[in-house]
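The structure appears below as structure tokens.
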Amino acid sequence: MLGVSTKIEELLTSVSDPEIPVLSIMDFGIVRKVELVDNVYRIDITPTYSGCPAMDTIGDDIVTAFEKEDLKAKINLVLAPAWTTDWITERGRKALEDYGIAAPRAAEVDKAALLGEANTIKCTNCGSLNTKMVSRFGSTACKALFQCNDCHEPFDYFKCLK
Amino acid sequence: MLQEKLYDYLLHLGDNSMILGQRLGELCGHGPELETDIALTNISLDLFGQVRNYFQAAAQIKGGDATEDSVAMQRYEHEYKNTYLVEQPNEDFAHVLVRQFFFDVYHQLMLNELMNSKNETLVAIAKKSIKEVNYHVDFSSTWVKRLGDGTEESHEKAQTAVNTLWRYSMELFKATETESWAAESGVGPDLNQLKSVYLERVSSILKEATLSLPEETVFQYGAKTGRHSENMGYILAEFQYMQRAYPNMKW
């Protein structure tokens, strides 16, 4: 996607969101551009939410990962175009689900679910659609808290952001 | 000159969100229930994130040693440009939610307009922030309806909060010199033109909530130009504590 060598792509893939360790930043869609200028990799990353405290850590993690390979990286935070959950890859969505976080659904589905109008968010534990929202805001800015009415397990839902 | 105006305008935009974010932060661990505790602090986090974007741009204009932190922390009270509304104390849950609701509706309208600004940085910040603020509006409107159309007691408390806070709402739409400059130069919206949509949206939610706006209101103006209420001193005492005790400290 970024037109970089396999090695660079692998390096970037090795960095993950500190709050969702199974999700690589590449699958998260927050790496927007990589450019090699004077032997320094200039890497544009974009925040998921304005206040996301993970961005600084992610930037540092990228620089450290590059340093291990004797490469230099410089991080640049870009705001436009604004990140959307559509940029999470299929592989990323699957990683989220396997980790126990329901992946974001389409905007209309999201709204109906968050307003308690429809049972559309699938329990990540038993797969039941008979779930309810416990809280519109969750443990991090990007998540809402749900609970399954069948197996009673609580789980996170990654909110759709468009 | 132009850059100075833009700097001032960025402070106008950032200060409202920052002081409201600080007020909401006071509730961390004190929300009436877990859900709302998390929600209010999450909203605070969103607001502070947006403020960082405004103040990074402001620090760039200022140049020298200026950073987002120095812009945020190292000013005197009269140099903050937030409105009276956001500095109002938390009082009770109804006050917190009604204050949030009055601000959110304005904030959403404002960001919608800023997406068409002639300033690219503002466009980028607005496009990013609007997604978060749409969520805030949903949250606070839902709660205003729930409180207003809830029990007798919740209705009474919500109505009291509306009566108390409404007088601070119109300051949001009274342009200062800087805001008039922004409107004239296409950097920001003409605030006066947003007022009718604001009134419409607020009234329609309040109606659903079986609440009403006070009939006669003497609106309060002045905080945006630096004449803050007594509340502001207390807010800054806490907010600036570390920077005053240990100037230029960093994490």
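By order of appearance in the structure tokens: chains A, B, ..., then residues from 1 within every chain, and ligands from 1 in the order shown.
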Show me which bits of chain A are within 12 Å of chain B, counting only C-alpha atoms, as a tab-separated table (two decimals) with all heavy atoms, in the first residue's frame.
```tsv
chain	number	residue	atom	x	y	z
A	46	THR	N	-1.17	9.00	11.58
A	46	THR	CA	-2.33	9.83	11.90
A	46	THR	C	-3.03	9.25	13.13
A	46	THR	O	-3.11	8.04	13.27
A	46	THR	CB	-3.29	9.91	10.69
A	46	THR	OG1	-4.25	10.91	10.93
A	46	THR	CG2	-3.99	8.59	10.40
A	47	PRO	N	-3.49	10.10	14.05
A	47	PRO	CA	-4.14	9.58	15.26
A	47	PRO	C	-5.54	9.03	14.97
A	47	PRO	O	-6.21	9.50	14.04
A	47	PRO	CB	-4.22	10.80	16.18
A	47	PRO	CG	-4.20	11.97	15.27
A	47	PRO	CD	-3.42	11.57	14.06
A	48	THR	N	-5.94	8.04	15.76
A	48	THR	CA	-7.31	7.53	15.62
A	48	THR	C	-8.26	8.57	16.22
A	48	THR	O	-9.14	9.07	15.56
A	48	THR	CB	-7.46	6.21	16.38
A	48	THR	OG1	-6.96	6.38	17.71
A	48	THR	CG2	-6.67	5.12	15.70
A	49	TYR	N	-8.04	8.91	17.48
A	49	TYR	CA	-8.79	9.98	18.14
A	49	TYR	C	-7.81	11.09	18.49
A	49	TYR	O	-6.65	10.82	18.78
A	49	TYR	CB	-9.46	9.46	19.42
A	49	TYR	CG	-10.74	8.71	19.16
A	49	TYR	CD1	-10.70	7.42	18.64
A	49	TYR	CD2	-11.98	9.30	19.38
A	49	TYR	CE1	-11.88	6.73	18.37
A	49	TYR	CE2	-13.15	8.62	19.11
A	49	TYR	CZ	-13.10	7.34	18.61
A	49	TYR	OH	-14.26	6.67	18.34
A	50	SER	N	-8.30	12.34	18.49
A	50	SER	CA	-7.41	13.48	18.77
A	50	SER	C	-6.62	13.28	20.05
A	50	SER	O	-5.46	13.63	20.15
A	50	SER	CB	-8.22	14.77	18.90
A	50	SER	OG	-8.92	15.03	17.74
A	51	GLY	N	-7.33	12.74	21.07
A	51	GLY	CA	-6.67	12.65	22.38
A	51	GLY	C	-6.00	11.31	22.62
A	51	GLY	O	-5.65	11.01	23.75
A	52	CYS	N	-5.82	10.52	21.57
A	52	CYS	CA	-5.27	9.17	21.77
A	52	CYS	C	-3.87	9.25	22.37
A	52	CYS	O	-2.94	9.74	21.74
A	52	CYS	CB	-5.22	8.40	20.46
A	52	CYS	SG	-4.53	6.75	20.68
A	53	PRO	N	-3.72	8.76	23.63
A	53	PRO	CA	-2.42	8.88	24.29
A	53	PRO	C	-1.40	7.88	23.76
A	53	PRO	O	-0.23	7.93	24.13
A	53	PRO	CB	-2.75	8.60	25.76
A	53	PRO	CG	-4.03	7.85	25.76
A	53	PRO	CD	-4.72	8.08	24.46
A	54	ALA	N	-1.84	6.96	22.89
A	54	ALA	CA	-0.93	5.94	22.38
A	54	ALA	C	-0.02	6.46	21.27
A	54	ALA	O	0.99	5.84	20.95
A	54	ALA	CB	-1.72	4.73	21.89
A	55	MET	N	-0.39	7.61	20.69
A	55	MET	CA	0.35	8.07	19.51
A	55	MET	C	1.84	8.32	19.79
A	55	MET	O	2.70	7.96	18.98
A	55	MET	CB	-0.28	9.34	18.92
A	55	MET	CG	-1.65	9.15	18.33
A	55	MET	SD	-1.82	7.69	17.29
A	55	MET	CE	-0.83	8.16	15.87
A	77	LEU	N	3.31	13.66	12.66
A	77	LEU	CA	1.90	13.42	12.95
A	77	LEU	C	1.04	14.24	12.00
A	77	LEU	O	1.15	15.46	11.97
A	77	LEU	CB	1.63	13.82	14.40
A	77	LEU	CG	0.46	13.14	15.10
A	77	LEU	CD1	0.65	11.64	15.14
A	77	LEU	CD2	0.32	13.70	16.51
A	78	VAL	N	0.22	13.59	11.20
A	78	VAL	CA	-0.65	14.33	10.28
A	78	VAL	C	-2.11	14.16	10.68
A	78	VAL	O	-2.51	13.11	11.17
A	78	VAL	CB	-0.47	13.89	8.81
A	78	VAL	CG1	0.90	14.26	8.29
A	78	VAL	CG2	-0.70	12.40	8.67
A	79	LEU	N	-2.89	15.22	10.47
A	79	LEU	CA	-4.30	15.16	10.86
A	79	LEU	C	-5.23	14.92	9.68
A	79	LEU	O	-6.34	14.42	9.82
A	79	LEU	CB	-4.71	16.48	11.53
A	79	LEU	CG	-4.07	16.79	12.88
A	79	LEU	CD1	-4.52	18.15	13.37
A	79	LEU	CD2	-4.44	15.72	13.89
A	80	ALA	N	-4.76	15.30	8.49
A	80	ALA	CA	-5.64	15.19	7.33
A	80	ALA	C	-5.03	14.21	6.32
A	80	ALA	O	-3.82	14.24	6.11
A	80	ALA	CB	-5.83	16.55	6.67
A	81	PRO	N	-5.83	13.38	5.66
A	81	PRO	CA	-7.26	13.19	5.93
A	81	PRO	C	-7.47	12.45	7.25
A	81	PRO	O	-6.63	11.66	7.65
A	81	PRO	CB	-7.74	12.34	4.75
A	81	PRO	CG	-6.52	11.62	4.28
A	81	PRO	CD	-5.36	12.52	4.57
A	82	ALA	N	-8.60	12.74	7.87
A	82	ALA	CA	-8.87	12.18	9.20
A	82	ALA	C	-9.07	10.67	9.12
A	82	ALA	O	-9.72	10.16	8.21
A	82	ALA	CB	-10.09	12.85	9.81
A	83	TRP	N	-8.52	9.97	10.09
A	83	TRP	CA	-8.59	8.52	10.15
A	83	TRP	C	-10.04	8.04	10.25
A	83	TRP	O	-10.87	8.70	10.87
A	83	TRP	CB	-7.80	8.05	11.38
A	83	TRP	CG	-7.73	6.57	11.56
A	83	TRP	CD1	-6.87	5.71	10.94
A	83	TRP	CD2	-8.54	5.77	12.43
A	83	TRP	NE1	-7.09	4.43	11.37
A	83	TRP	CE2	-8.11	4.43	12.29
A	83	TRP	CE3	-9.58	6.04	13.31
A	83	TRP	CZ2	-8.69	3.38	13.00
A	83	TRP	CZ3	-10.17	5.00	14.02
A	83	TRP	CH2	-9.71	3.68	13.85
A	84	THR	N	-10.31	6.93	9.63
A	84	THR	CA	-11.64	6.32	9.79
A	84	THR	C	-11.44	4.83	10.04
A	84	THR	O	-10.42	4.25	9.66
A	84	THR	CB	-12.55	6.52	8.53
A	84	THR	OG1	-12.99	5.24	8.08
A	84	THR	CG2	-11.83	7.25	7.43
A	85	THR	N	-12.44	4.21	10.68
A	85	THR	CA	-12.33	2.78	10.98
A	85	THR	C	-12.30	1.95	9.69
A	85	THR	O	-11.94	0.78	9.72
A	85	THR	CB	-13.46	2.30	11.92
A	85	THR	OG1	-14.65	3.00	11.59
A	85	THR	CG2	-13.12	2.57	13.36
A	107	ALA	N	-21.67	2.60	9.75
A	107	ALA	CA	-22.15	3.72	10.56
A	107	ALA	C	-23.59	3.54	11.06
A	107	ALA	O	-23.88	3.77	12.23
A	107	ALA	CB	-22.03	5.01	9.77
A	110	ASP	N	-23.82	0.87	13.69
A	110	ASP	CA	-23.17	1.39	14.88
A	110	ASP	C	-24.14	2.26	15.68
A	110	ASP	O	-24.32	2.10	16.87
A	110	ASP	CB	-21.97	2.23	14.43
A	110	ASP	CG	-21.11	2.73	15.58
A	110	ASP	OD1	-20.23	1.99	15.99
A	110	ASP	OD2	-21.34	3.86	16.03
A	111	LYS	N	-24.79	3.17	14.97
A	111	LYS	CA	-25.70	4.10	15.63
A	111	LYS	C	-26.86	3.35	16.28
A	111	LYS	O	-27.20	3.59	17.43
A	111	LYS	CB	-26.21	5.12	14.61
A	111	LYS	CG	-27.01	6.21	15.25
A	111	LYS	CD	-26.90	7.51	14.52
A	111	LYS	CE	-27.54	8.58	15.39
A	111	LYS	NZ	-27.49	9.88	14.91
A	114	LEU	N	-25.61	1.53	19.33
A	114	LEU	CA	-25.25	2.39	20.45
A	114	LEU	C	-26.46	3.08	21.06
A	114	LEU	O	-26.45	3.49	22.21
A	114	LEU	CB	-24.21	3.44	20.01
A	114	LEU	CG	-22.83	2.87	19.66
A	114	LEU	CD1	-21.93	3.96	19.12
A	114	LEU	CD2	-22.17	2.25	20.87
A	115	LEU	N	-27.52	3.20	20.27
A	115	LEU	CA	-28.73	3.80	20.82
A	115	LEU	C	-29.65	2.72	21.38
A	115	LEU	O	-30.76	2.99	21.82
A	115	LEU	CB	-29.46	4.61	19.74
A	115	LEU	CG	-28.74	5.89	19.29
A	115	LEU	CD1	-29.49	6.56	18.15
A	115	LEU	CD2	-28.57	6.87	20.45
A	116	GLY	N	-29.17	1.47	21.32
A	116	GLY	CA	-29.95	0.37	21.89
A	116	GLY	C	-31.16	0.01	21.05
A	116	GLY	O	-32.13	-0.57	21.53
A	133	MET	N	-25.61	-2.92	25.07
A	133	MET	CA	-24.56	-1.98	25.35
A	133	MET	C	-24.59	-1.62	26.83
A	133	MET	O	-25.65	-1.32	27.38
A	133	MET	CB	-24.74	-0.71	24.53
A	133	MET	CG	-23.56	0.22	24.67
A	133	MET	SD	-23.84	1.78	23.87
A	133	MET	CE	-25.24	2.36	24.79
A	134	VAL	N	-23.44	-1.67	27.46
A	134	VAL	CA	-23.36	-1.31	28.88
A	134	VAL	C	-22.97	0.17	28.99
A	134	VAL	O	-23.47	0.90	29.82
A	134	VAL	CB	-22.32	-2.18	29.61
A	134	VAL	CG1	-22.22	-1.79	31.08
A	134	VAL	CG2	-22.68	-3.65	29.47
A	135	SER	N	-22.05	0.60	28.12
A	135	SER	CA	-21.59	1.98	28.18
A	135	SER	C	-21.12	2.43	26.79
A	135	SER	O	-20.40	1.71	26.11
A	135	SER	CB	-20.44	2.09	29.19
A	135	SER	OG	-19.82	3.35	29.07
A	136	ARG	N	-21.55	3.63	26.40
A	136	ARG	CA	-21.17	4.16	25.09
A	136	ARG	C	-19.69	4.50	25.04
A	136	ARG	O	-19.12	4.69	23.98
A	136	ARG	CB	-21.97	5.43	24.79
A	136	ARG	CG	-23.41	5.17	24.49
A	136	ARG	CD	-24.18	6.47	24.55
A	136	ARG	NE	-23.78	7.37	23.52
A	136	ARG	CZ	-24.48	7.58	22.40
A	136	ARG	NH1	-25.59	6.94	22.20
A	136	ARG	NH2	-24.08	8.44	21.50
A	137	PHE	N	-19.09	4.68	26.20
A	137	PHE	CA	-17.66	4.95	26.26
A	137	PHE	C	-17.02	3.79	27.01
A	137	PHE	O	-17.60	3.27	27.95
A	137	PHE	CB	-17.39	6.26	26.99
A	137	PHE	CG	-17.85	7.48	26.24
A	137	PHE	CD1	-19.16	7.91	26.33
A	137	PHE	CD2	-16.96	8.20	25.45
A	137	PHE	CE1	-19.59	9.03	25.64
A	137	PHE	CE2	-17.39	9.32	24.76
A	137	PHE	CZ	-18.69	9.74	24.85
A	138	GLY	N	-15.83	3.40	26.60
A	138	GLY	CA	-15.20	2.25	27.23
A	138	GLY	C	-13.84	2.55	27.80
A	138	GLY	O	-13.52	3.69	28.13
A	139	SER	N	-13.01	1.50	27.85
A	139	SER	CA	-11.71	1.62	28.51
A	139	SER	C	-10.75	2.54	27.76
A	139	SER	O	-9.80	3.06	28.33
A	139	SER	CB	-11.10	0.23	28.66
A	139	SER	OG	-11.07	-0.39	27.38
A	140	THR	N	-10.95	2.74	26.46
A	140	THR	CA	-10.16	3.71	25.70
A	140	THR	C	-11.12	4.51	24.84
A	140	THR	O	-12.28	4.11	24.67
A	140	THR	CB	-9.11	3.04	24.78
A	140	THR	OG1	-9.82	2.30	23.78
A	140	THR	CG2	-8.18	2.12	25.54
A	141	ALA	N	-10.63	5.61	24.27
A	141	ALA	CA	-11.49	6.52	23.50
A	141	ALA	C	-12.20	5.80	22.36
A	141	ALA	O	-13.29	6.18	21.95
A	141	ALA	CB	-10.65	7.67	22.97
A	142	CYS	N	-11.57	4.74	21.82
A	142	CYS	CA	-12.11	4.13	20.60
A	142	CYS	C	-13.11	3.01	20.86
A	142	CYS	O	-13.61	2.41	19.95
A	142	CYS	CB	-10.96	3.63	19.73
A	142	CYS	SG	-9.78	2.61	20.61
A	143	LYS	N	-13.40	2.72	22.13
A	143	LYS	CA	-14.25	1.56	22.39
A	143	LYS	C	-15.50	1.87	23.20
A	143	LYS	O	-15.54	2.81	23.96
A	143	LYS	CB	-13.44	0.48	23.12
A	143	LYS	CG	-12.41	-0.19	22.22
A	143	LYS	CD	-11.57	-1.20	22.97
A	143	LYS	CE	-10.47	-0.53	23.74
A	143	LYS	NZ	-9.57	-1.44	24.42
A	144	ALA	N	-16.53	1.03	23.00
A	144	ALA	CA	-17.73	1.05	23.83
A	144	ALA	C	-17.81	-0.31	24.51
A	144	ALA	O	-17.24	-1.27	24.02
A	144	ALA	CB	-18.97	1.28	22.98
A	145	LEU	N	-18.52	-0.34	25.65
A	145	LEU	CA	-18.57	-1.60	26.40
A	145	LEU	C	-19.91	-2.31	26.20
A	145	LEU	O	-20.97	-1.71	26.36
A	145	LEU	CB	-18.34	-1.31	27.89
A	145	LEU	CG	-18.16	-2.52	28.80
A	145	LEU	CD1	-16.94	-3.33	28.39
A	145	LEU	CD2	-18.03	-2.08	30.25
A	146	PHE	N	-19.84	-3.57	25.83
A	146	PHE	CA	-21.03	-4.39	25.60
A	146	PHE	C	-21.04	-5.59	26.55
A	146	PHE	O	-20.02	-5.94	27.13
A	146	PHE	CB	-21.07	-4.88	24.14
A	146	PHE	CG	-21.71	-3.90	23.20
A	146	PHE	CD1	-21.06	-2.73	22.86
A	146	PHE	CD2	-22.95	-4.16	22.65
A	146	PHE	CE1	-21.63	-1.81	22.00
A	146	PHE	CE2	-23.54	-3.25	21.77
A	146	PHE	CZ	-22.89	-2.08	21.45
A	159	LYS	N	-15.67	1.25	18.26
A	159	LYS	CA	-16.69	2.11	17.67
A	159	LYS	C	-16.35	2.50	16.23
A	159	LYS	O	-15.20	2.76	15.92
A	159	LYS	CB	-16.83	3.40	18.49
A	159	LYS	CG	-17.53	3.20	19.79
A	159	LYS	CD	-17.69	4.50	20.54
A	159	LYS	CE	-16.41	4.97	21.16
A	159	LYS	NZ	-16.60	5.92	22.26
A	160	CYS	N	-17.38	2.55	15.43
A	160	CYS	CA	-17.21	2.98	14.04
A	160	CYS	C	-16.95	4.48	14.03
A	160	CYS	O	-17.67	5.25	14.66
A	160	CYS	CB	-18.48	2.66	13.27
A	160	CYS	SG	-18.55	3.40	11.66
A	161	LEU	N	-15.91	4.90	13.33
A	161	LEU	CA	-15.60	6.32	13.26
A	161	LEU	C	-15.50	6.72	11.79
A	161	LEU	O	-14.67	6.19	11.06
A	161	LEU	CB	-14.29	6.61	13.98
A	161	LEU	CG	-13.96	8.09	14.21
A	161	LEU	CD1	-14.88	8.66	15.28
A	161	LEU	CD2	-12.52	8.27	14.64
A	162	LYS	N	-16.38	7.61	11.37
A	162	LYS	CA	-16.34	8.04	9.97
A	162	LYS	C	-16.38	9.54	9.88
A	162	LYS	O	-16.95	10.18	10.72
A	162	LYS	CB	-17.54	7.46	9.24
A	162	LYS	CG	-17.29	6.04	8.88
A	162	LYS	CD	-18.17	5.57	7.75
A	162	LYS	CE	-17.94	4.10	7.64
A	162	LYS	NZ	-18.35	3.45	6.49
```
Pairwise distance for atom CA of Lys118 of chain B and atom CA of Asn192 of chain B, rounded to one decimal in Å: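 Separation of atom CA of Lys118 of chain B and atom CA of Asn192 of chain B: 18.9 Å.
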Sorted per-residue table, segment 90-208 of chain B near segment 63-82 of chain B, closest atoms and distance, 10 Å, only C-alpha atoms, as a tab-separated table:
```
residue	atom	partner	partner_atom	distance
B:Glu171	CA	B:Asn82	CA	9.8
B:Leu172	CA	B:Asn82	CA	9.0
B:Thr176	CA	B:Lys81	CA	9.7
```
Export, as an mmCIF file, in the first residue's frame, the selected residues with N, CA, C and O atoms.
```cif
data_model
loop_
_atom_site.group_PDB
_atom_site.id
_atom_site.type_symbol
_atom_site.label_atom_id
_atom_site.label_comp_id
_atom_site.auth_asym_id
_atom_site.auth_seq_id
_atom_site.Cartn_x
_atom_site.Cartn_y
_atom_site.Cartn_z
ATOM 1 N N GLU B 171 -23.030 34.169 25.029
ATOM 2 C CA GLU B 171 -21.668 34.702 24.892
ATOM 3 C C GLU B 171 -20.906 33.955 23.802
ATOM 4 O O GLU B 171 -20.024 34.514 23.140
ATOM 5 N N LEU B 172 -21.265 32.681 23.618
ATOM 6 C CA LEU B 172 -20.607 31.880 22.587
ATOM 7 C C LEU B 172 -20.749 32.534 21.217
ATOM 8 O O LEU B 172 -19.908 32.377 20.338
ATOM 9 N N THR B 176 -15.860 38.531 19.436
ATOM 10 C CA THR B 176 -14.870 39.480 19.901
ATOM 11 C C THR B 176 -14.210 40.080 18.653
ATOM 12 O O THR B 176 -14.498 39.659 17.532
#
```
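Minimum distance to Pro89 of chain B across B:Ser212, B:Asn116, B:Thr164, B:Gln108 (counting only C-alpha atoms) occurs at B:Thr164.
Computed from the coordinates, the atom CA of Val4 of chain A to atom CA of Lys72 of chain A distance equals 14.9 Å.
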Test item: residues at most 10 Å from His107 of chain B, only C-alpha atoms, excluding those fewer than 3 positions along its chain, as a PyMOL selection string: chain B and resi 13+16-17+100-104+110-113+129-130+133-134+136-137+172
DSSP strand (DSSP E) residues within chain A, listed as a ChimeraX atom specification: /A:16-17,20-24,31-37,40-45,72-77,101-102,131-135,143-148,154-158
Expected answer as a VMD selection string: helix (DSSP H, G or I) residues in segment 12-251 of chain B: chain B and resid 12 to 25 34 to 62 68 to 73 77 to 79 84 to 87 93 to 114 120 to 148 152 to 168 170 to 173 177 to 184 191 to 208 223 to 225 230 to 239 241 to 245
Selection: 7 Å around Ala103 of chain A, only C-alpha atoms, excl. self and same-chain fewer than 5 positions, as a PyMOL selection string: chain A and resi 93+96-97+157-158
Atom-to-atom span, atom CA of Leu194 of chain B and atom CA of Tyr221 of chain B, Å: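 Taking atom CA of Leu194 of chain B as the start and atom CA of Tyr221 of chain B as the end point, the length is 17.3 Å.
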Which residues are close to Val40 of chain A, i.e. within 7 Å by only C-alpha atoms, leaving aside same-chain residues fewer than 4 positions away? Reply as an mmCIF file with N, CA, C and O atoms, in the first residue's frame.
```cif
data_model
loop_
_atom_site.group_PDB
_atom_site.id
_atom_site.type_symbol
_atom_site.label_atom_id
_atom_site.label_comp_id
_atom_site.auth_asym_id
_atom_site.auth_seq_id
_atom_site.Cartn_x
_atom_site.Cartn_y
_atom_site.Cartn_z
ATOM 1 N N LEU A 36 11.794 8.142 1.902
ATOM 2 C CA LEU A 36 13.200 8.091 2.284
ATOM 3 C C LEU A 36 13.887 9.364 1.789
ATOM 4 O O LEU A 36 13.997 9.603 0.597
ATOM 5 N N LYS A 72 17.314 5.024 10.356
ATOM 6 C CA LYS A 72 16.790 6.196 11.052
ATOM 7 C C LYS A 72 15.354 6.477 10.600
ATOM 8 O O LYS A 72 15.063 6.433 9.405
ATOM 9 N N ALA A 73 14.504 6.784 11.568
ATOM 10 C CA ALA A 73 13.126 7.135 11.226
ATOM 11 C C ALA A 73 12.738 8.418 11.928
ATOM 12 O O ALA A 73 13.169 8.680 13.042
ATOM 13 N N LYS A 74 11.951 9.212 11.222
ATOM 14 C CA LYS A 74 11.460 10.450 11.826
ATOM 15 C C LYS A 74 9.932 10.442 11.696
ATOM 16 O O LYS A 74 9.399 10.186 10.621
#
```
Near-Arg99 of chain B list (10 Å; only C-alpha atoms; drop same-chain fewer than 5 positions) as JSON, numbers by chain: {"B": [20, 85, 86, 87, 88, 89, 90, 93, 94, 104, 140, 161, 162, 164, 165, 166, 168, 169]}
Could you take the residues named above and write them with N, CA, C and O atoms, as an mmCIF file, in the first residue's frame?
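Okay, this is what ended up in again23.cif:
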```
data_model
loop_
_atom_site.group_PDB
_atom_site.id
_atom_site.type_symbol
_atom_site.label_atom_id
_atom_site.label_comp_id
_atom_site.auth_asym_id
_atom_site.auth_seq_id
_atom_site.Cartn_x
_atom_site.Cartn_y
_atom_site.Cartn_z
ATOM 1 N N LEU B 20 -13.328 23.450 29.669
ATOM 2 C CA LEU B 20 -14.392 22.462 29.861
ATOM 3 C C LEU B 20 -13.770 21.087 30.132
ATOM 4 O O LEU B 20 -14.237 20.343 31.001
ATOM 5 N N LEU B 85 -19.615 30.043 30.264
ATOM 6 C CA LEU B 85 -20.317 28.752 30.322
ATOM 7 C C LEU B 85 -19.403 27.616 30.782
ATOM 8 O O LEU B 85 -19.742 26.876 31.694
ATOM 9 N N VAL B 86 -18.235 27.504 30.144
ATOM 10 C CA VAL B 86 -17.387 26.345 30.423
ATOM 11 C C VAL B 86 -16.686 26.429 31.777
ATOM 12 O O VAL B 86 -16.189 25.424 32.272
ATOM 13 N N GLU B 87 -16.633 27.627 32.363
ATOM 14 C CA GLU B 87 -15.977 27.710 33.673
ATOM 15 C C GLU B 87 -16.955 27.511 34.832
ATOM 16 O O GLU B 87 -16.555 27.523 35.995
ATOM 17 N N GLN B 88 -18.231 27.296 34.519
ATOM 18 C CA GLN B 88 -19.213 27.083 35.588
ATOM 19 C C GLN B 88 -18.908 25.777 36.332
ATOM 20 O O GLN B 88 -18.529 24.790 35.715
ATOM 21 N N PRO B 89 -19.093 25.804 37.654
ATOM 22 C CA PRO B 89 -18.749 24.614 38.456
ATOM 23 C C PRO B 89 -19.666 23.415 38.177
ATOM 24 O O PRO B 89 -20.760 23.567 37.658
ATOM 25 N N ASN B 90 -19.193 22.240 38.565
ATOM 26 C CA ASN B 90 -19.935 21.015 38.269
ATOM 27 C C ASN B 90 -21.255 20.895 39.044
ATOM 28 O O ASN B 90 -22.187 20.260 38.580
ATOM 29 N N PHE B 93 -25.025 16.540 38.733
ATOM 30 C CA PHE B 93 -24.961 15.875 37.440
ATOM 31 C C PHE B 93 -25.775 16.617 36.375
ATOM 32 O O PHE B 93 -25.388 16.707 35.209
ATOM 33 N N ALA B 94 -26.895 17.189 36.774
ATOM 34 C CA ALA B 94 -27.729 17.925 35.825
ATOM 35 C C ALA B 94 -26.966 19.132 35.276
ATOM 36 O O ALA B 94 -26.984 19.398 34.072
ATOM 37 N N ASP B 104 -21.833 21.490 23.531
ATOM 38 C CA ASP B 104 -21.704 20.536 22.420
ATOM 39 C C ASP B 104 -22.426 21.000 21.156
ATOM 40 O O ASP B 104 -21.893 20.869 20.053
ATOM 41 N N SER B 140 -24.727 13.910 25.266
ATOM 42 C CA SER B 140 -25.324 14.900 26.170
ATOM 43 C C SER B 140 -26.809 15.108 25.867
ATOM 44 O O SER B 140 -27.609 15.280 26.782
ATOM 45 N N ALA B 161 -30.858 23.533 36.288
ATOM 46 C CA ALA B 161 -29.588 23.709 35.589
ATOM 47 C C ALA B 161 -29.775 24.539 34.320
ATOM 48 O O ALA B 161 -28.975 25.428 34.020
ATOM 49 N N VAL B 162 -30.853 24.277 33.592
ATOM 50 C CA VAL B 162 -31.144 25.063 32.384
ATOM 51 C C VAL B 162 -31.319 26.530 32.763
ATOM 52 O O VAL B 162 -30.750 27.429 32.140
ATOM 53 N N THR B 164 -30.185 28.129 35.308
ATOM 54 C CA THR B 164 -28.945 28.739 35.788
ATOM 55 C C THR B 164 -27.964 28.982 34.642
ATOM 56 O O THR B 164 -27.295 30.018 34.594
ATOM 57 N N LEU B 165 -27.859 28.033 33.739
ATOM 58 C CA LEU B 165 -26.770 28.081 32.754
ATOM 59 C C LEU B 165 -27.113 28.806 31.456
ATOM 60 O O LEU B 165 -26.221 29.234 30.728
ATOM 61 N N TRP B 166 -28.396 28.940 31.172
ATOM 62 C CA TRP B 166 -28.773 29.518 29.881
ATOM 63 C C TRP B 166 -28.208 30.932 29.686
ATOM 64 O O TRP B 166 -27.857 31.336 28.596
ATOM 65 N N TYR B 168 -25.463 32.038 30.195
ATOM 66 C CA TYR B 168 -24.085 32.066 29.705
ATOM 67 C C TYR B 168 -23.966 31.605 28.250
ATOM 68 O O TYR B 168 -22.884 31.605 27.678
ATOM 69 N N SER B 169 -25.088 31.180 27.665
ATOM 70 C CA SER B 169 -25.018 30.556 26.337
ATOM 71 C C SER B 169 -24.727 31.547 25.212
ATOM 72 O O SER B 169 -23.975 31.248 24.288
#
```
Exercise: segment 17-32 of chain A partners within 8 Å, only C-alpha atoms, chain neighbours under 2 positions left out, as a PyMOL selection string: chain A and resi 2+12-15+34+43-48+54+57-58+83+87-92+95-96+99
